[in-house]
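**Q** Compact mmCIF, C-alpha atoms, file target.txt:
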# COMPACT_ATOMS: atom_id res chain seq x y z
CA MET J 1 79.16 16.35 -16.73
CA THR J 2 80.46 18.97 -14.29
CA PRO J 3 81.50 17.63 -10.86
CA ALA J 4 80.14 19.18 -7.70
CA LEU J 5 81.76 22.50 -6.87
CA PRO J 6 82.56 23.73 -3.36
CA MET J 7 80.67 26.77 -2.12
CA PRO J 8 82.78 29.98 -2.30
CA GLY J 9 82.75 30.54 1.45
CA ARG J 10 80.24 29.46 4.08
CA ALA J 11 76.92 31.20 4.59
CA GLY J 12 76.92 32.53 8.16
CA LEU J 13 74.12 34.03 10.20
CA ALA J 14 75.09 37.56 9.19
CA LEU J 15 75.22 36.84 5.45
CA SER J 16 72.62 38.94 3.61
CA PRO J 17 70.37 37.43 0.95
CA ARG J 18 72.07 39.61 -1.66
CA ARG J 19 75.54 38.31 -0.74
CA LEU J 20 74.25 34.76 -0.66
CA LEU J 21 72.65 35.30 -4.06
CA ALA J 22 75.98 36.55 -5.39
CA SER J 23 77.66 33.38 -4.14
CA LEU J 24 75.00 31.07 -5.55
CA LEU J 25 74.84 32.48 -9.09
CA PRO J 26 78.35 31.40 -10.17
CA VAL J 27 77.69 27.88 -8.88
CA ALA J 28 74.35 27.73 -10.68
CA LEU J 29 76.03 28.75 -13.92
CA LEU J 30 79.01 26.44 -13.58
CA ALA J 31 76.77 23.48 -12.80
CA LEU J 32 75.14 23.76 -16.22
CA PRO J 33 76.53 21.83 -19.23
CA LEU J 34 78.96 24.21 -20.91
CA PRO J 35 77.16 24.41 -24.29
CA ALA J 36 73.92 25.38 -22.51
CA VAL J 37 75.30 28.20 -20.31
CA SER J 38 75.09 30.95 -22.90
CA ALA J 39 71.61 29.82 -23.99
CA VAL J 40 70.04 30.12 -20.53
CA ASN J 41 72.20 32.86 -18.99
CA ASP J 42 69.61 35.56 -19.72
CA ASP J 43 66.73 33.44 -18.43
CA LEU J 44 67.95 32.69 -14.90
CA PRO J 45 65.05 33.36 -12.46
CA VAL J 46 66.89 35.95 -10.37
CA GLU J 47 63.90 36.71 -8.16
CA GLU J 48 63.37 33.03 -7.33
CA ILE J 49 67.05 32.57 -6.55
CA GLN J 50 66.92 35.61 -4.28
CA THR J 51 63.85 34.15 -2.56
CA PHE J 52 65.76 30.91 -2.08
CA ALA J 53 68.62 32.83 -0.52
CA GLU J 54 66.22 34.64 1.80
CA VAL J 55 64.57 31.37 2.89
CA PHE J 56 68.02 29.92 3.50
CA GLU J 57 68.99 32.84 5.73
CA ARG J 58 65.67 32.84 7.65
CA ILE J 59 66.09 29.14 8.46
CA LYS J 60 69.63 29.84 9.63
CA ARG J 61 68.43 32.67 11.86
CA ALA J 62 65.13 31.44 13.26
CA TYR J 63 64.77 27.64 13.11
CA VAL J 64 64.32 26.11 16.57
CA GLU J 65 67.53 24.10 16.24
CA GLU J 66 70.77 25.09 14.57
CA VAL J 67 71.17 23.56 11.11
CA ASP J 68 74.49 23.57 9.31
CA ASP J 69 74.86 24.91 5.78
CA ALA J 70 75.71 21.54 4.21
CA THR J 71 72.53 19.93 5.57
CA LEU J 72 70.35 22.75 4.26
CA LEU J 73 71.93 22.64 0.81
CA ARG J 74 71.63 18.84 0.56
CA ASN J 75 67.99 19.04 1.62
CA ALA J 76 67.46 21.66 -1.09
CA MET J 77 69.04 19.35 -3.69
CA ARG J 78 66.89 16.43 -2.52
CA GLY J 79 63.82 18.63 -2.85
CA MET J 80 64.73 19.70 -6.37
CA LEU J 81 65.00 16.11 -7.55
CA SER J 82 62.14 14.56 -5.57
CA GLU J 83 59.64 16.93 -7.18
CA LEU J 84 60.65 15.89 -10.72
CA ASP J 85 59.49 12.26 -10.79
CA PRO J 86 59.56 9.20 -8.48
CA HIS J 87 62.83 7.88 -9.92
CA SER J 88 65.10 10.96 -9.77
CA ALA J 89 67.01 11.46 -6.54
CA PHE J 90 70.05 13.05 -4.91
CA LEU J 91 72.30 10.35 -3.46
CA ASP J 92 74.58 11.03 -0.52
CA ARG J 93 77.63 8.82 0.05
CA GLU J 94 75.68 6.10 1.88
CA GLN J 95 72.86 6.05 -0.65
CA PHE J 96 75.27 6.05 -3.59
CA GLN J 97 77.17 3.10 -2.10
CA SER J 98 73.89 1.30 -1.43
CA LEU J 99 72.90 1.72 -5.06
CA ARG J 100 76.22 0.30 -6.19
CA GLU J 101 75.76 -2.71 -3.89
CA SER J 102 72.30 -3.45 -5.25
CA THR J 103 73.62 -3.15 -8.82
CA GLN J 104 76.30 -5.71 -8.01
CA GLY J 105 73.55 -8.09 -6.87
CA GLU J 106 74.38 -8.63 -3.17
CA PHE J 107 73.03 -6.83 -0.11
CA GLY J 108 71.46 -7.48 3.28
CA GLY J 109 67.69 -7.17 3.23
CA ILE J 110 64.39 -8.90 2.54
CA GLY J 111 64.51 -9.06 -1.27
CA ILE J 112 61.89 -6.58 -2.39
CA GLU J 113 61.67 -3.85 -5.01
CA VAL J 114 59.54 -0.88 -3.94
CA GLY J 115 58.32 2.43 -5.39
CA LEU J 116 55.93 5.25 -4.64
CA GLU J 117 52.43 4.97 -6.10
CA ASP J 118 50.19 7.96 -5.39
CA GLY J 119 52.58 8.86 -2.58
CA GLN J 120 52.27 5.46 -0.89
CA LEU J 121 55.18 3.03 -0.54
CA THR J 122 54.21 0.11 -2.77
CA VAL J 123 55.72 -3.25 -3.67
CA ILE J 124 56.86 -3.39 -7.30
CA THR J 125 58.00 -6.98 -7.06
CA PRO J 126 59.46 -9.48 -4.60
CA ILE J 127 62.71 -11.09 -5.76
CA ASP J 128 62.58 -14.86 -6.21
CA ASP J 129 63.64 -17.09 -3.27
CA THR J 130 64.01 -14.28 -0.73
CA PRO J 131 62.24 -13.60 2.60
CA ALA J 132 59.76 -11.31 0.79
CA SER J 133 58.75 -13.88 -1.84
CA ARG J 134 58.56 -16.71 0.70
CA ALA J 135 56.30 -14.57 2.91
CA GLY J 136 53.89 -14.18 -0.01
CA LEU J 137 54.34 -10.45 -0.69
CA GLN J 138 52.87 -9.46 -4.05
CA ALA J 139 53.19 -6.65 -6.57
CA ARG J 140 51.02 -3.62 -5.66
CA ASP J 141 50.93 -4.46 -1.95
CA GLN J 142 51.03 -1.18 0.00
CA ILE J 143 53.53 -0.97 2.86
CA LEU J 144 51.89 1.10 5.60
CA SER J 145 54.67 0.83 8.18
CA ILE J 146 58.16 -0.61 8.67
CA ASP J 147 58.50 -1.84 12.24
CA ASP J 148 56.99 1.07 14.18
CA THR J 149 57.68 3.72 11.52
CA PRO J 150 54.75 4.85 9.31
CA THR J 151 55.81 5.11 5.67
CA GLU J 152 53.51 7.96 4.62
CA ARG J 153 56.17 10.62 5.25
CA LEU J 154 59.24 8.60 4.29
CA SER J 155 61.14 9.17 1.07
CA LEU J 156 61.76 6.12 -1.08
CA GLN J 157 65.41 5.97 -0.07
CA GLU J 158 64.58 6.29 3.64
CA ALA J 159 62.18 3.36 3.35
CA VAL J 160 64.80 1.26 1.54
CA ASN J 161 67.37 2.08 4.22
CA LEU J 162 64.95 0.95 6.94
CA MET J 163 64.28 -2.36 5.21
CA ARG J 164 67.94 -3.16 4.64
CA GLY J 165 70.09 -4.29 7.51
CA GLU J 166 72.27 -7.00 8.99
CA PRO J 167 71.39 -10.56 7.94
CA GLY J 168 69.61 -12.41 10.76
CA THR J 169 67.80 -9.35 12.12
CA ARG J 170 64.00 -9.25 12.06
CA ILE J 171 61.70 -6.70 10.44
CA GLU J 172 57.95 -6.24 10.66
CA LEU J 173 55.92 -4.83 7.76
CA THR J 174 52.29 -3.75 7.84
CA ILE J 175 50.79 -4.57 4.43
CA LEU J 176 47.51 -3.57 2.79
CA ARG J 177 46.64 -5.70 -0.22
CA ARG J 178 44.36 -4.51 -3.00
CA GLY J 179 40.83 -5.81 -2.53
CA GLU J 180 41.30 -6.29 1.21
CA SER J 181 39.77 -3.95 3.78
CA SER J 182 42.15 -4.55 6.68
CA PRO J 183 45.98 -4.60 6.77
CA ARG J 184 48.07 -7.59 7.68
CA THR J 185 51.36 -7.81 9.57
CA VAL J 186 54.28 -9.77 8.12
CA THR J 187 57.46 -10.56 10.07
CA LEU J 188 60.57 -11.37 8.04
CA THR J 189 64.20 -12.15 8.80
CA ARG J 190 66.79 -10.32 6.73
CA GLU J 191 69.21 -12.37 4.64
CA VAL J 192 72.12 -11.76 2.32
CA ILE J 193 70.27 -11.20 -0.93
CA ARG J 194 72.16 -12.65 -3.88
CA THR J 195 70.21 -12.28 -7.06
CA GLU J 196 70.72 -14.95 -9.71
CA SER J 197 69.77 -13.49 -13.04
CA VAL J 198 68.68 -16.52 -15.13
CA ARG J 199 67.62 -20.08 -14.49
CA SER J 200 66.13 -22.73 -16.78
CA GLU J 201 64.50 -26.15 -16.82
CA LEU J 202 62.47 -28.44 -19.04
CA LEU J 203 58.73 -28.36 -18.32
CA GLU J 204 58.24 -31.39 -20.53
CA PRO J 205 60.45 -33.02 -23.15
CA GLY J 206 61.03 -30.35 -25.79
CA TYR J 207 59.42 -27.50 -23.84
CA GLY J 208 61.84 -25.22 -22.02
CA TYR J 209 61.37 -22.64 -19.30
CA LEU J 210 63.58 -19.56 -18.85
CA ARG J 211 63.16 -17.41 -15.75
CA VAL J 212 64.85 -13.97 -15.78
CA THR J 213 64.57 -12.34 -12.35
CA GLN J 214 66.34 -9.08 -13.22
CA PHE J 215 68.62 -7.66 -15.88
CA GLN J 216 72.28 -7.61 -14.92
CA THR J 217 75.35 -7.04 -17.08
CA ARG J 218 75.65 -10.64 -18.31
CA THR J 219 71.97 -11.56 -18.47
CA GLY J 220 71.88 -11.61 -22.29
CA ASP J 221 74.84 -14.01 -22.46
CA GLN J 222 73.34 -16.16 -19.70
CA VAL J 223 70.04 -16.50 -21.56
CA ALA J 224 71.89 -17.71 -24.68
CA GLU J 225 73.90 -20.17 -22.53
CA GLN J 226 70.75 -21.55 -20.89
CA ILE J 227 69.05 -22.02 -24.27
CA ARG J 228 72.07 -24.03 -25.49
CA ARG J 229 71.95 -26.10 -22.29
CA LEU J 230 68.26 -26.89 -22.80
CA GLU J 231 68.85 -27.86 -26.43
CA ARG J 232 71.54 -30.33 -25.35
CA GLU J 233 68.90 -32.11 -23.25
CA ALA J 234 66.28 -32.25 -26.02
CA PRO J 235 65.42 -30.46 -29.29
CA LEU J 236 63.21 -27.53 -28.33
CA SER J 237 59.62 -27.37 -29.54
CA GLY J 238 58.79 -24.28 -27.49
CA LEU J 239 60.05 -21.87 -24.83
CA VAL J 240 58.42 -19.92 -22.01
CA LEU J 241 60.29 -16.72 -21.11
CA ASP J 242 59.10 -15.74 -17.62
CA LEU J 243 59.47 -12.02 -16.90
CA ARG J 244 56.88 -11.83 -14.14
CA ASN J 245 57.90 -9.77 -11.10
CA ASN J 246 61.05 -8.69 -12.94
CA PRO J 247 61.85 -5.10 -11.84
CA GLY J 248 64.21 -4.39 -14.75
CA GLY J 249 67.86 -3.40 -14.58
CA VAL J 250 70.55 -2.74 -17.17
CA LEU J 251 69.29 -1.52 -20.55
CA GLN J 252 72.03 -3.31 -22.51
CA ALA J 253 71.03 -6.57 -20.81
CA ALA J 254 67.44 -6.16 -22.01
CA VAL J 255 68.74 -5.60 -25.54
CA GLY J 256 70.86 -8.75 -25.22
CA VAL J 257 67.91 -10.89 -24.11
CA ALA J 258 65.69 -9.65 -26.95
CA ASP J 259 68.59 -10.16 -29.37
CA ALA J 260 68.78 -13.82 -28.32
CA PHE J 261 65.40 -14.35 -30.02
CA LEU J 262 65.68 -11.86 -32.91
CA ASP J 263 68.09 -11.73 -35.86
CA SER J 264 67.09 -8.33 -37.25
CA GLY J 265 64.97 -5.26 -36.61
CA LEU J 266 64.67 -2.58 -33.96
CA ILE J 267 64.53 -3.60 -30.28
CA VAL J 268 64.09 -0.29 -28.45
CA TYR J 269 64.85 3.40 -28.83
CA THR J 270 65.02 6.29 -26.37
CA GLU J 271 64.17 9.97 -26.68
CA GLY J 272 65.25 12.79 -24.39
CA ARG J 273 66.18 16.47 -24.43
CA LEU J 274 69.91 16.06 -25.09
CA PRO J 275 71.38 14.42 -28.19
CA ASP J 276 73.31 11.81 -26.20
CA THR J 277 70.06 10.53 -24.65
CA GLU J 278 68.62 9.56 -28.05
CA MET J 279 69.67 5.99 -28.79
CA GLN J 280 68.54 3.08 -30.95
CA PHE J 281 69.27 -0.61 -30.38
CA SER J 282 68.76 -3.20 -33.10
CA ALA J 283 69.11 -6.97 -33.22
CA SER J 284 72.28 -8.47 -34.62
CA PRO J 285 72.32 -11.29 -37.21
CA GLY J 286 71.95 -14.73 -35.71
CA SER J 287 69.75 -15.96 -32.89
CA ALA J 288 70.05 -18.48 -30.07
CA ALA J 289 66.54 -19.78 -30.78
CA PRO J 290 65.52 -18.53 -34.24
CA GLU J 291 62.50 -20.76 -34.98
CA VAL J 292 61.38 -21.94 -31.56
CA PRO J 293 57.81 -20.86 -30.64
CA LEU J 294 57.98 -18.43 -27.73
CA VAL J 295 55.57 -17.29 -25.02
CA VAL J 296 56.54 -14.37 -22.76
CA LEU J 297 54.89 -14.17 -19.33
CA ILE J 298 54.39 -10.71 -17.75
CA ASN J 299 52.40 -9.25 -14.87
CA GLY J 300 52.06 -6.06 -12.85
CA GLY J 301 55.53 -6.60 -11.40
CA SER J 302 57.23 -6.64 -14.82
CA ALA J 303 58.89 -3.25 -15.19
CA SER J 304 61.44 -1.25 -17.17
CA ALA J 305 63.89 -3.59 -18.94
CA ALA J 306 61.38 -6.46 -18.68
CA GLU J 307 58.86 -4.31 -20.54
CA ILE J 308 61.45 -3.48 -23.19
CA VAL J 309 61.95 -7.17 -23.95
CA ALA J 310 58.22 -7.97 -23.95
CA GLY J 311 57.42 -4.95 -26.12
CA ALA J 312 60.16 -5.72 -28.64
CA LEU J 313 59.20 -9.38 -29.04
CA GLN J 314 55.52 -8.40 -29.27
CA ASP J 315 56.05 -5.68 -31.90
CA GLN J 316 58.35 -7.93 -33.94
CA ARG J 317 55.70 -10.68 -33.76
CA ARG J 318 58.33 -13.04 -32.42
CA ALA J 319 56.41 -14.09 -29.29
CA VAL J 320 52.96 -14.29 -27.80
CA VAL J 321 52.85 -12.12 -24.67
CA MET J 322 50.66 -13.68 -21.98
CA GLY J 323 49.62 -12.70 -18.46
CA THR J 324 48.45 -9.33 -17.16
CA GLU J 325 49.34 -5.70 -17.89
CA SER J 326 52.89 -4.73 -16.93
CA PHE J 327 53.97 -1.99 -14.49
CA GLY J 328 54.55 0.87 -16.95
CA LYS J 329 58.01 2.20 -16.05
CA GLY J 330 59.33 3.48 -19.35
CA SER J 331 61.84 6.09 -18.19
CA VAL J 332 65.63 6.02 -18.40
CA GLN J 333 67.73 6.94 -15.36
CA GLN J 334 71.40 7.88 -15.55
CA ILE J 335 73.57 7.52 -12.46
CA MET J 336 75.86 10.56 -12.32
CA PRO J 337 78.72 10.52 -9.78
CA LEU J 338 79.49 13.97 -8.38
CA GLY J 339 83.15 13.38 -7.62
CA ASN J 340 82.86 13.47 -3.81
CA GLY J 341 81.27 10.07 -3.25
CA GLU J 342 77.78 11.44 -3.84
CA GLY J 343 75.69 11.25 -6.98
CA LEU J 344 72.49 11.92 -8.88
CA LYS J 345 69.96 9.47 -10.25
CA LEU J 346 68.31 11.52 -12.96
CA THR J 347 65.59 10.65 -15.46
CA THR J 348 66.94 11.68 -18.86
CA ALA J 349 64.82 9.90 -21.50
CA LEU J 350 61.85 7.64 -22.24
CA TYR J 351 61.80 4.14 -23.77
CA TYR J 352 59.80 3.35 -26.92
CA THR J 353 59.03 -0.04 -28.46
CA PRO J 354 59.89 -0.71 -32.12
CA ASN J 355 56.38 0.42 -33.19
CA GLY J 356 56.75 3.71 -31.31
CA ARG J 357 54.70 2.83 -28.21
CA SER J 358 55.69 4.61 -25.04
CA ILE J 359 55.94 2.27 -22.06
CA GLN J 360 55.80 5.09 -19.50
CA ALA J 361 52.60 4.93 -17.41
CA GLN J 362 51.10 2.70 -20.14
CA GLY J 363 52.73 -0.68 -19.68
CA ILE J 364 52.60 -3.61 -22.07
CA GLU J 365 49.19 -5.15 -22.77
CA PRO J 366 49.41 -8.93 -23.14
CA ASP J 367 48.20 -10.58 -26.34
CA VAL J 368 46.45 -13.18 -24.17
CA GLU J 369 45.27 -12.06 -20.76
CA VAL J 370 45.57 -14.76 -18.11
CA VAL J 371 45.15 -13.79 -14.47
CA ARG J 372 47.02 -15.41 -11.63
CA GLY J 373 45.35 -18.51 -10.21
CA ARG J 374 45.59 -22.24 -9.73
CA VAL J 375 43.77 -25.30 -11.00
CA GLU J 376 41.48 -26.86 -8.41
CA VAL J 377 40.49 -30.49 -8.96
CA THR J 378 37.17 -31.41 -7.34
CA GLU J 379 36.15 -34.91 -6.38
CA ALA J 380 32.55 -34.52 -7.60
CA GLY J 381 32.10 -36.03 -11.03
CA ARG J 382 35.76 -36.99 -11.31
CA GLU J 383 36.39 -40.17 -13.29
CA VAL J 384 38.28 -42.98 -11.58
CA ARG J 385 41.54 -43.78 -13.34
CA GLU J 386 44.06 -46.60 -12.98
CA ALA J 387 46.34 -44.33 -10.95
CA ASP J 388 43.56 -43.96 -8.33
CA LEU J 389 43.30 -47.69 -7.61
CA GLU J 390 44.99 -48.90 -4.44
CA GLY J 391 48.08 -50.94 -5.17
CA HIS J 392 48.31 -49.92 -8.81
CA LEU J 393 51.57 -50.56 -10.63
CA ARG J 394 53.67 -47.44 -11.16
CA SER J 395 54.85 -46.60 -14.64
CA ARG J 396 58.58 -46.58 -15.21
CA ASP J 397 58.03 -43.49 -17.36
CA ALA J 398 56.49 -41.39 -14.57
CA PRO J 399 59.36 -40.28 -12.32
CA ARG J 400 58.79 -38.21 -9.19
CA GLU J 401 60.15 -35.11 -10.92
CA ARG J 402 57.29 -35.20 -13.43
CA ALA J 403 54.70 -35.50 -10.67
CA GLU J 404 56.25 -32.54 -8.86
CA LEU J 405 56.23 -30.52 -12.08
CA SER J 406 52.56 -31.32 -12.69
CA GLU J 407 51.75 -30.03 -9.21
CA ARG J 408 53.72 -26.88 -9.96
CA LEU J 409 51.74 -26.30 -13.17
CA ARG J 410 48.52 -26.65 -11.18
CA GLU J 411 49.80 -24.08 -8.69
CA ASP J 412 50.96 -21.69 -11.44
CA TYR J 413 47.97 -21.32 -13.76
CA GLN J 414 49.67 -18.78 -16.04
CA LEU J 415 52.64 -21.07 -16.63
CA GLY J 416 50.33 -24.00 -17.37
CA GLU J 417 48.42 -21.93 -19.91
CA ALA J 418 51.69 -20.83 -21.55
CA LEU J 419 52.71 -24.48 -21.97
CA ASN J 420 49.29 -25.34 -23.43
CA LEU J 421 49.59 -22.50 -25.94
CA LEU J 422 53.03 -23.68 -27.05
CA LYS J 423 51.64 -27.17 -27.64
CA ALA J 424 48.77 -25.74 -29.69
CA LEU J 425 51.19 -23.69 -31.79
CA ASN J 426 53.17 -26.83 -32.55
CA VAL J 427 50.06 -28.74 -33.55
CA LEU J 428 49.07 -25.97 -35.96
CA SER J 429 52.56 -25.71 -37.42
CA ARG J 430 52.66 -29.47 -38.11
CA ARG J 431 49.34 -29.26 -39.92
Can you present the structure in this file as structure tokens?

**A**
Amino acid sequence: MTPALPMPGRAGLALSPRRLLASLLPVALLALPLPAVSAVNDDLPVEEIQTFAEVFERIKRAYVEEVDDATLLRNAMRGMLSELDPHSAFLDREQFQSLRESTQGEFGGIGIEVGLEDGQLTVITPIDDTPASRAGLQARDQILSIDDTPTERLSLQEAVNLMRGEPGTRIELTILRRGESSPRTVTLTREVIRTESVRSELLEPGYGYLRVTQFQTRTGDQVAEQIRRLEREAPLSGLVLDLRNNPGGVLQAAVGVADAFLDSGLIVYTEGRLPDTEMQFSASPGSAAPEVPLVVLINGGSASAAEIVAGALQDQRRAVVMGTESFGKGSVQQIMPLGNGEGLKLTTALYYTPNGRSIQAQGIEPDVEVVRGRVEVTEAGREVREADLEGHLRSRDAPRERAELSERLREDYQLGEALNLLKALNVLSRR
């Protein structure tokens, strides 16, 4: 990849469009990959480049305030990328550093992944145990304003910059939820957001729960470690892999997580315009949980790498996918440093599941659709049990942790249904 090149001289007020065109053409050619220069040299849109040069000069001459050349050129680069797709962007030094911080898993903010849906700033997913998740923000919530700033004219990066800030400072979001006619206002306090990739617990003896919040470099190894930890507590009869509200992350981490449950076969492949964007990833021999029944939970906040894992396990018939349709982000972005502290985030390929399904704008359809909800127990018609009698003796086999877990399963209907399905699969396998 060619690093950014300095302009051959600065474009002053007296510079003609023709001279500016002459200065831009060498840069346009040098910025192309070397093997492609000769192929497109004859097809450069000279008239459009000259029009660009003329617009540049007219802004320099007539705009109400003086604008320096660097600002105009950076705005032009932002415009080029923003019109491609929602995930491609030009990153200045601050934005590039911000991206690196979020990749490393620590930043000051409210813990929310956002995107643009039909031009409106929209929640993709809140990150677990952050101000956003504790405030009850949900996938597909529309963010109408940040403090006093309407979001309708903000770029995605501008909105992210407004939401990030010093820990301890307050931020006010105006939210419109699907199905509701009036917006609501939510006030949050920023925190240092440290994202833990994987956590696990036993739902019941023999039935494990793995929660993957995002895909970081070591997520695949961490999943294998957590499975071994669960097996040390009890032989596993079933596992729930929870990918709900998982915004994705590192492609290799998604491959590693799928590989933990597969010992052969294709996991994912990508297709793009250039040869180096076409890749295939297959499972390696051996598996952390080769025979354990598996249910994968997804919802509208499951995106990108989370969809790769769900799609691979579904196509390989290794797991039952349960929940609601996933987000549908099936594009590959490469982060390209430009050598001066700036960079590009450029969409270069699309993901495909082992059976050739494109995830992009399609998502993963669950095998068993279960909407979000909770179990409500009514008093009418409810049978009286020993545990309801005043002064009843408590069982030594019913610790407080089990009661708390039962309440959690009532609150999380999808998780409860996943556990029930695993139990049914075990009954059938025994028969």

**Q** Using Å and a single decimal, report how far CA of Ser88 in chain J sits from CA of Gln252 in chain J.

**A**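 Here the two named atoms are 20.3 Å from each other.
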
**Q** Which residues are close to Val212 in chain J, i.e. within 10 Å by all atoms listed in the file, leaving aside same-chain residues fewer than 4 positions away? Reply as a list in words.

**A**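 Once the nearby chain positions are removed, what remains is Asp128, Glu196, Ser197, Val198, Arg199, Ser200, Gln216, Thr219, Gly220, Gln222, Val223, Leu241, Asp242, Leu243, Arg244, Asn245, Asn246, Gly248, Val257 and Ala306 of chain J.
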
**Q** How about saving the chosen residues, C-alpha atoms kept, as a tab-separated table (two decimals), keeping the file's coordinate frame?

**A**
chain	number	residue	atom	x	y	z
J	128	ASP	CA	62.58	-14.86	-6.21
J	196	GLU	CA	70.72	-14.95	-9.71
J	197	SER	CA	69.77	-13.49	-13.04
J	198	VAL	CA	68.68	-16.52	-15.13
J	199	ARG	CA	67.62	-20.08	-14.49
J	200	SER	CA	66.13	-22.73	-16.78
J	216	GLN	CA	72.28	-7.61	-14.92
J	219	THR	CA	71.97	-11.56	-18.47
J	220	GLY	CA	71.88	-11.61	-22.29
J	222	GLN	CA	73.34	-16.16	-19.70
J	223	VAL	CA	70.04	-16.50	-21.56
J	241	LEU	CA	60.29	-16.72	-21.11
J	242	ASP	CA	59.10	-15.74	-17.62
J	243	LEU	CA	59.47	-12.02	-16.90
J	244	ARG	CA	56.88	-11.83	-14.14
J	245	ASN	CA	57.90	-9.77	-11.10
J	246	ASN	CA	61.05	-8.69	-12.94
J	248	GLY	CA	64.21	-4.39	-14.75
J	257	VAL	CA	67.91	-10.89	-24.11
J	306	ALA	CA	61.38	-6.46	-18.68

**Q** Which is closer to Phe107 in chain J than all the others in J:Val123, J:Val160, J:Ala76, J:Ala135, using all atoms listed in the file?

**A** J:Val160

**Q** Leaving out Gly301 in chain J and any residue of its chain fewer than 3 positions from it, which residues lie within 8 Å of it when counting only C-alpha atoms, given as a list in words?

**A**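 Surrounding residues, per the criterion: Ile124, Thr125, Ala139, Arg140, Arg244, Asn245, Asn246, Pro247, Ile298, Ser326 and Phe327 of chain J.
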
**Q** Could you take the residues named above and write them with C-alpha atoms, as a CSV table (one decimal), in the coordinates of the input?

**A**
chain,number,residue,atom,x,y,z
J,124,ILE,CA,56.9,-3.4,-7.3
J,125,THR,CA,58.0,-7.0,-7.1
J,139,ALA,CA,53.2,-6.6,-6.6
J,140,ARG,CA,51.0,-3.6,-5.7
J,244,ARG,CA,56.9,-11.8,-14.1
J,245,ASN,CA,57.9,-9.8,-11.1
J,246,ASN,CA,61.0,-8.7,-12.9
J,247,PRO,CA,61.8,-5.1,-11.8
J,298,ILE,CA,54.4,-10.7,-17.8
J,326,SER,CA,52.9,-4.7,-16.9
J,327,PHE,CA,54.0,-2.0,-14.5

**Q** Using 5 Å of padding on each side, determine the axis-aligned box around all atoms of range 341-358 of chain J present in the file and give its centre and edge lengths in Å to one decimal, as JSON.

**A**
{"center_x": 68.0, "center_y": 5.6, "center_z": -18.2, "size_x": 36.6, "size_y": 22.6, "size_z": 39.9}

**Q** Any chance you could tabulate, as JSON lines, the residues of range 67-113 of chain J at most 12 Å from range 165-170 of chain J with each one's nearest atom pair and distance in Å to one decimal, using all atoms listed in the file, in chain and rising number order?

**A**
{"residue": "J:Ser98", "atom": "CA", "partner": "J:Gly165", "partner_atom": "CA", "distance": 11.2}
{"residue": "J:Glu106", "atom": "CA", "partner": "J:Pro167", "partner_atom": "CA", "distance": 11.7}
{"residue": "J:Phe107", "atom": "CA", "partner": "J:Gly165", "partner_atom": "CA", "distance": 8.6}
{"residue": "J:Gly108", "atom": "CA", "partner": "J:Gly165", "partner_atom": "CA", "distance": 5.5}
{"residue": "J:Gly109", "atom": "CA", "partner": "J:Gly165", "partner_atom": "CA", "distance": 5.7}
{"residue": "J:Ile110", "atom": "CA", "partner": "J:Gly165", "partner_atom": "CA", "distance": 8.9}
{"residue": "J:Gly111", "atom": "CA", "partner": "J:Gly165", "partner_atom": "CA", "distance": 11.4}

**Q** Mind giving me the straight-line distance from CA of Arg93 in chain J to CA of Glu342 in chain J in Å, one decimal?

**A**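 Taking CA of Arg93 in chain J as the start and CA of Glu342 in chain J as the end point, the length is 4.7 Å.
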
**Q** Name the closest residue to Leu203 in chain J among the candidates J:Leu236, J:Met336, J:Val255, J:Ala349; distances are taken between atoms, counting all atoms listed in the file.

**A**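 Residue with the minimum atom-to-atom distance to Leu203 in chain J: J:Leu236.
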
**Q** Would you compute the distance between CA of Val250 in chain J and CA of Leu154 in chain J? Give it in Å to one decimal.

**A**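 So the two atoms, CA of Val250 in chain J and CA of Leu154 in chain J, lie 26.8 Å apart.
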
**Q** Find the spatial neighbours of Met80 in chain J, counting only C-alpha atoms, within a cut-off of 9 Å - ignore same-chain residues fewer than 4 positions away - and output them as a VMD selection string.

**A** chain J and resid 75 to 76 84 89 to 90

**Q** J:Ala312, J:Asp263, J:Thr348, J:Phe96: which is nearest Met279 in chain J, counting all atoms listed in the file?

**A**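 Answer, going by the shortest atom-to-atom distance: J:Thr348.
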
**Q** Taking 6 positions as the minimum chain separation for residues in the same chain, which residues sit within 7 Å of Ile112 in chain J when counting all atoms listed in the file? Answer as a PyMOL selection string.

**A** chain J and resi 125-127+132

**Q** Neighbours of range 116-119 of chain J within 8 Å (all atoms listed in the file; same-chain residues fewer than 2 positions away dropped), as an MDAnalysis selection string?

**A** chainID J and resid 86 114 121:122 152 156

**Q** Would you write out those residues with C-alpha atoms, as a PDB file, in the coordinates of the input?

**A**
ATOM      1  CA  PRO J  86      59.560   9.200  -8.480  1.00  0.00           C
ATOM      2  CA  VAL J 114      59.540  -0.880  -3.940  1.00  0.00           C
ATOM      3  CA  LEU J 121      55.180   3.030  -0.540  1.00  0.00           C
ATOM      4  CA  THR J 122      54.210   0.110  -2.770  1.00  0.00           C
ATOM      5  CA  GLU J 152      53.510   7.960   4.620  1.00  0.00           C
ATOM      6  CA  LEU J 156      61.760   6.120  -1.080  1.00  0.00           C
TER       7      LEU J 156
END

**Q** Tell me which of J:Leu81, J:Val295, J:Ile335, J:Val427 sits closest to Gln97 in chain J, counting all atoms listed in the file.

**A**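 Distance minimum relative to Gln97 in chain J lands on J:Ile335.
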
**Q** Counting only C-alpha atoms, which residues come within 7 Å of (54.2, -4.3, 7.4), with the point read in the file's coordinates, and could you list them as number ranges by chain?

**A** J: 143-147, 172-175, 184-186
